[in-house]
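Asks: Take a look at the following structure, please.
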Amino acid sequence: MNKVVANAEEAIKDIESGATIMFGGFGLCGIPENCIQAIVKKGINNLTCISNNAGVDDFGIGLMLQKRQLKKMIASYVGENAEFERQLLSGELEVDLVPQGTLATRCMIAGYGIPFVPLLAGVGTEVAEGKETVTRNGKQYLIEEAFDADFAIVKAWKGDKLGNLIFRDTARNFNPLMAMAGKITIAEVEELVEPGTLDPNTIHTPGIYVNRIFQGVTYEKRIEQRTTRKRN
Amino acid sequence: MALNKEQIAQRIAKELQDGYYVNLGIGIPTMVANYIPDGINVVLQSENGLLGMGPFPFEGDEDADLINAGKQTITTLPGSAIFDSAMSFGMIRSGRVDLTVLGAMEVAENGDIANWKIPGKMVKGMGGAMDLVAAAKNIIVAMQHTDKAGNSKLLPKCSLPITGLRCVKKIVSDLGVFDVAAGGFVLREYAPGVTVEEIKAKTAGKLTIAADVKEISF
């Protein structure tokens with residue numbers, strides 16, 4: 001078993017135009033920076049992206065938007081990105097806005113082998129349009145489908161060569177859910193270690209879900225809203 | 001004088017009860033954390049995956065891996081817990097979060113809320129708002145009473161795309177505190193210096209005045 005690849009270029013080498021790809025992260029927190037840059041460099045297009053957000057104009061998924069690589073974006077919140085809004089309003093980009101909990105749950109059930117799930121969020125709203133519903137105990141629920149993604153690309157703090165992953169702080173967010181949900185899961189990590197180094201009790205994503213892993217380089221980890229307080 | 005944003009947050013903070021788990025939305029709701037009354041301990045939930053949200057970090061201590069749902073750098077507290085986004089909405093959906101405070105563009109007299117989209121104009125997305133309003137037991141809306149043109153945002157029916165149906169229980173606007181009851185909006189408290197007549201004139205939805213209506217105190 002060899003899951004270790006040299007770098008992002010090698011990890012994404014079989015991702016072709018037209019693929020559906022999940023990207024972990026919340027805002028710019030916990031995004032797979034190396035793989036995003038490699039996809040931008042590779043220049044593939046017509047991609048469908050599943051990610052909570054769409055980056056900012058000059059970082060994260062925003063870099064792929066700048067190069068018009070996306071056909072469709074599935075996300076819960078896409079503010080903070082002028083180019084996104086422009087492509088959406090001009091009709092260049094197809095967008096499916098999904099409630100955040102629904103987005104997370106549709107990733108989760110994909111990883112758990114559950115095809116669909118009844119959820120309350122969005123009942124009576126535009127989100128419900130065209131969706132099957134089910135009623136239990138007088139409450140109506142929307143039937144929400146598991147995502148079907150060709151690739152899931154996630155960013156972890158530490159990983160071992162068997163693909164076991166540990167995330168750090170709120171950079172966890174969608175990453176472990178998407179790691180379980182891709183047909184092929186690629187993990188980039190800040191620190192890649194030998195099996196046996198990580199305490200099995202602390203693993204967030206078991207290696208069975210991870211197909212490829214590599215240690216990323218030069219993480220910028222950009223902060224979107226730098227908020228601080230003064231020292232007394 | 002109508003309330004400023006800080007005062008709206010301060011008034012909402014009086015609704016907090018000891019032991020509450022609370023989700024605060026972006027904007028005025030976030031400021032509620034600055035006014036938690038003495039002797040009241042609440043745990044703040046941030047839907048990107050944190051229970052026990054602490055204050056902003058000291059200058060120089062910012063950590064890109066530790067943010068709130070508004071993408072602001074924050075801190076943890078003793079007893080904080082980190083989890084993934086599915087678990088985060090699991091605790092919301094299953095009713096463990098006692099109170100949600102969020103902003104709104106419009107609220108209808110039946111408790112419908114619109115706060116995620118202006119067709120053809122603003123397309124930022126709903127984020128976690130639809131999940132929160134569908135599930136939370138207690139929702140307080142923090143909002144300006146009227147838009148910039150002076151039109152009421154407390155309406156008979158929402159004109160913008162709906163975020164959730166019949167879910168808002170209470171509104172604190174710059175003009176007053178309102179319950180959302182079976183018969184529409186009920187004015188409970190008015191801002192200092194604001195008359196009941198002014199509030200009536202600026203509320204398009206059905207409004208009744210509580211028999212014990214009084215001035216907001218902090």
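How things are named: the first chain in the structure tokens is A, the next is B, and so on; residues count from 1 in each chain; ligands count from 1 in the order shown.
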Quick one: residues within 8 Å of A:Gln66, only C-alpha atoms, excluding same-chain residues fewer than 5 positions away - as a list of chain:residue names?
Replies: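 Final neighbour list, sorted by chain and number: A:Asp57, A:Asp58, A:Glu83.
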Asks: Please identify all polymer residues within 7 Å of B:Gly164, counting only C-alpha atoms, omitting same-chain residues fewer than 6 positions from it, and present them as a CSV table (one decimal) with N, CA, C and O atoms, in the first residue's frame.
Replies:
chain,number,residue,atom,x,y,z
A,122,GLY,N,-34.7,24.8,5.1
A,122,GLY,CA,-35.1,25.2,3.7
A,122,GLY,C,-36.6,24.9,3.4
A,122,GLY,O,-37.0,25.3,2.3
A,124,GLY,N,-40.2,25.5,2.8
A,124,GLY,CA,-40.9,26.7,2.5
A,124,GLY,C,-40.1,27.8,1.9
A,124,GLY,O,-40.6,29.0,1.7
A,125,THR,N,-38.9,27.5,1.5
A,125,THR,CA,-38.0,28.5,0.8
A,125,THR,C,-37.7,28.0,-0.6
A,125,THR,O,-38.1,26.9,-1.0
B,112,ASP,N,-42.2,34.7,10.0
B,112,ASP,CA,-41.4,34.4,8.9
B,112,ASP,C,-40.2,35.3,8.8
B,112,ASP,O,-40.3,36.5,9.2
B,113,ILE,N,-39.0,34.9,8.4
B,113,ILE,CA,-37.9,35.7,8.3
B,113,ILE,C,-37.2,35.6,6.9
B,113,ILE,O,-37.2,34.6,6.3
B,130,MET,N,-30.5,29.2,7.4
B,130,MET,CA,-31.7,28.3,7.2
B,130,MET,C,-31.7,27.1,8.2
B,130,MET,O,-32.8,26.8,8.7
B,133,VAL,N,-32.7,28.7,11.7
B,133,VAL,CA,-34.1,29.1,12.0
B,133,VAL,C,-35.0,27.9,11.9
B,133,VAL,O,-36.1,27.9,12.5
B,134,ALA,N,-34.6,26.9,11.2
B,134,ALA,CA,-35.5,25.7,11.1
B,134,ALA,C,-35.5,24.9,12.4
B,134,ALA,O,-36.4,24.2,12.7
Asks: Please find the residues of chain B near chain A - the criterion being any atom within 6 Å, counting only C-alpha atoms - and write them as a PyMOL selection string.
Replies: chain B and resi 48-49+56-59+64-66+71-73+84-86+89+124-128+130-131+134+162
Asks: What's around A:Gly159 at 12 Å? Count only C-alpha atoms, leave out sequence neighbours fewer than 5 positions away in its own chain, and write the answer as a ChimeraX atom specification.
Replies: /A:3-4,154,164-168,186-200,202-207,210,212-216
Asks: So which residues touch stretch 181-195 of chain B within 12 Å, counting only C-alpha atoms, skipping near sequence neighbours fewer than 6 positions away, as an MDAnalysis selection string?
Replies: chainID B and resid 1:4 7:8 11 107:112 145 154:157 166:175 201:218
Asks: In Å to one decimal, how far is atom CA of B:Gly27 from atom CA of B:Gly70?
Replies: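 Computing it gives 8.6 Å between the two atoms.
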Asks: Just the number, please: distance in Å from atom CA of A:Glu16 to atom CA of A:Lys67, one decimal.
Replies: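 Between atom CA of A:Glu16 and atom CA of A:Lys67 the gap works out to 15.5 Å.
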Asks: So which one's closest to B:Met31, B:Ala69, B:Ala142, B:Ala135, B:Leu99? Using only C-alpha atoms, please.
Replies: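 Comparing B:Ala69, B:Ala142, B:Ala135, B:Leu99 against B:Met31, the winner is B:Ala142.
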Asks: If you run DSSP on the backbone, which residues of stretch 5-217 of chain B are strand (DSSP E), as number ranges by chain?
Replies: B: 21-24, 43-46, 50-53, 76-82, 99-103, 106-108, 113-114, 139-143, 154-155, 170-173, 176-181, 184-190, 207-215
Asks: Which is closer to A:Asn34 than all the others in A:Phe151, A:Tyr141, A:Tyr112, A:Phe59, using only C-alpha atoms?
Replies: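 The closest residue to A:Asn34 is A:Phe59.
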Asks: Name all residues at most 8 Å from A:Asp148 (count only C-alpha atoms; drop same-chain ones fewer than 6 positions away) and give them as a list in words.
Replies: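 Returned residues: Thr20, Ala110, Ala181, Gly182 and Lys183 of chain A.
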Asks: Give me the residues within 10 Å of A:Leu65 as a PyMOL selection string, counting only C-alpha atoms and dropping any in the same chain fewer than 3 places off.
Replies: chain A and resi 40+45+54-62+68-71+73+81+83-84+87+93
Asks: Have a look at atom CA of A:Lys161 and atom CA of A:Thr185 and let me know their distance in Å, one decimal.
Replies: 14.0 Å
